[in-house]
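Written out below as structure tokens is the structure these notes cover.
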Amino acid sequence: MARPVAERRAPARASRAHARGETWWRAYRAPLALAAVAVGAAALIWLASGTVLEAAAGVIEGAREHDTPRSRAGATTLLAAAAMLAFVARWGSRSAPRRPIAIPGGGRLPVESLEALLRAEMAAIDAVESASVRVENAHRRGVRVEVALEVAPTALLGETAARAREIAVDAVERRLALALAAPAAVELRYGELRLRGPQAEPGAGAGAPEEASEGASEGASGGRDDGSGLAGE
């Protein structure tokens with residue numbers, strides 16, 4: 001006999017809550033908070049009802065004495081500021097770039113864990129001496145990845161940058177089923193030279209100094225030729 005739809009859906013909801021790492025008190029935090037307030041109010045009624053009523057009467061009497069348009073405007077301003085502050089605080093906590101990343105299907109992944117994964121794979125690239133990775137949670141836009149690689153003098157900069165971006169795409173989009181908010185920003189560092197990944201060309205790090213030295217030697221030899229020619233004349 002088929003079970004009711006509600007009974008079939010209950011285990012699925014429980015499994016999703018378990019996958020998100022929710023404990024029972026976290027799942028029922030709103031009812032628990034309301035129950036705590038109710039217990040506190042009941043305790044005040046039974047243990048200090050006279051004190052509570054006197055305090056309430058004093059508050060009401062003070063409010064009547066200060067019941068003026070200016071007081072109402074001040075109270076309204078304070079309430080509006082408190083509500084706005086609560087919204088801003090909640091928005092800031094939910095949009096923080098270092099907030100754990102929500103994984104499709106349930107669960108959250110700390111950004112530090114993804115950074116460690118990418119750092120280990122970036123460091124395994126040929127001619128890469130060390131890797132530094134920063135991951136930010138862009139929330140609905142996806143994940144933002146910034147990579148800085150210290151490369152050896154023999155590194156092909158264009159190929160190294162392309163390989164780093166390929167690793168970021170494979171880890172974030174294929175294995176974690178997330179989206180990259182933008183192509184991974186790759187910075188290559190070679191000695192005193194700093195090149196951005198998308199602008200680097202293969203062999204740019206080694207070819208430029210050789211061309212400069214060849215041009216300097218040709219200029220020097222040309223100067224010597226001119227000098228000898230004048231001397232001969």
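Within each chain, counting starts at residue 1; across the structure tokens, chains are named A, B, ... in the order shown, with ligands numbered 1 upward in that order.
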Report task. Using backbone DSSP assignments, extract all strand (DSSP E or B) residues from range 43-212 of chain A; output them as a ChimeraX atom specification. Result -> /A:101-102,108-109,128-137,143-151,180,185-190,193-196
Those same residues - C-alpha atoms - I'd like them written as a short mmCIF file (atom, residue, chain, number, x, y, z; two decimals), in the first residue's frame.
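Listed below is the output, out-v8.cif:
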data_model
loop_
_atom_site.label_atom_id
_atom_site.label_comp_id
_atom_site.auth_asym_id
_atom_site.auth_seq_id
_atom_site.Cartn_x
_atom_site.Cartn_y
_atom_site.Cartn_z
CA ILE A 101 29.69 28.73 0.11
CA ALA A 102 26.33 26.98 -0.33
CA ARG A 108 28.22 24.56 2.97
CA LEU A 109 31.91 24.71 2.10
CA VAL A 128 55.33 27.00 -10.42
CA GLU A 129 57.40 27.48 -7.27
CA SER A 130 54.60 28.64 -4.94
CA ALA A 131 50.92 29.53 -5.17
CA SER A 132 48.66 31.92 -3.28
CA VAL A 133 44.88 31.69 -3.70
CA ARG A 134 42.04 33.86 -2.41
CA VAL A 135 38.41 32.79 -2.76
CA GLU A 136 35.42 35.06 -2.16
CA ASN A 137 31.78 34.13 -1.96
CA VAL A 143 32.55 32.29 -6.62
CA ARG A 144 35.39 34.75 -7.20
CA VAL A 145 38.94 33.33 -7.45
CA GLU A 146 42.22 35.27 -7.40
CA VAL A 147 45.52 33.45 -7.92
CA ALA A 148 49.13 34.64 -7.53
CA LEU A 149 51.83 32.27 -8.79
CA GLU A 150 55.59 32.48 -8.28
CA VAL A 151 57.03 30.93 -11.44
CA LEU A 180 32.55 31.45 -11.30
CA ALA A 185 42.26 36.42 -12.04
CA VAL A 186 45.79 35.05 -12.41
CA GLU A 187 48.90 37.04 -11.50
CA LEU A 188 52.31 35.65 -12.45
CA ARG A 189 55.38 36.77 -10.54
CA TYR A 190 58.84 36.17 -11.95
CA LEU A 193 58.65 41.16 -13.36
CA ARG A 194 54.87 41.07 -12.74
CA LEU A 195 52.46 40.14 -15.50
CA ARG A 196 48.71 39.65 -15.43
#
Requested in this report: For Ala161 in chain A, please output as an NGL selection string all residues within 7 Å (counting only C-alpha atoms; exclusion window: fewer than 3 positions along the same chain).
Outcome: :A and (157-158 or 164-165 or 186 or 197)
Write to file, as a tab-separated table (two decimals), in the first residue's frame, the residues of the selection just made, with N, CA, C and O atoms.
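Ended up saving to result32.tsv:
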chain	number	residue	atom	x	y	z
A	157	LEU	N	54.73	31.75	-19.59
A	157	LEU	CA	53.76	32.49	-18.81
A	157	LEU	C	52.32	32.28	-19.31
A	157	LEU	O	51.40	32.11	-18.51
A	158	GLY	N	52.14	32.33	-20.61
A	158	GLY	CA	50.79	32.17	-21.15
A	158	GLY	C	50.21	30.79	-20.83
A	158	GLY	O	49.05	30.67	-20.43
A	164	ALA	N	46.27	27.53	-14.92
A	164	ALA	CA	45.69	27.94	-13.64
A	164	ALA	C	44.21	28.22	-13.77
A	164	ALA	O	43.40	27.82	-12.91
A	165	ARG	N	43.81	28.89	-14.83
A	165	ARG	CA	42.38	29.16	-15.03
A	165	ARG	C	41.61	27.86	-15.29
A	165	ARG	O	40.48	27.70	-14.85
A	186	VAL	N	44.50	35.71	-12.61
A	186	VAL	CA	45.79	35.05	-12.41
A	186	VAL	C	46.90	36.08	-12.52
A	186	VAL	O	47.00	36.79	-13.52
A	197	GLY	N	47.84	37.45	-15.92
A	197	GLY	CA	47.66	36.24	-16.69
A	197	GLY	C	47.06	36.46	-18.06
A	197	GLY	O	47.62	36.03	-19.07
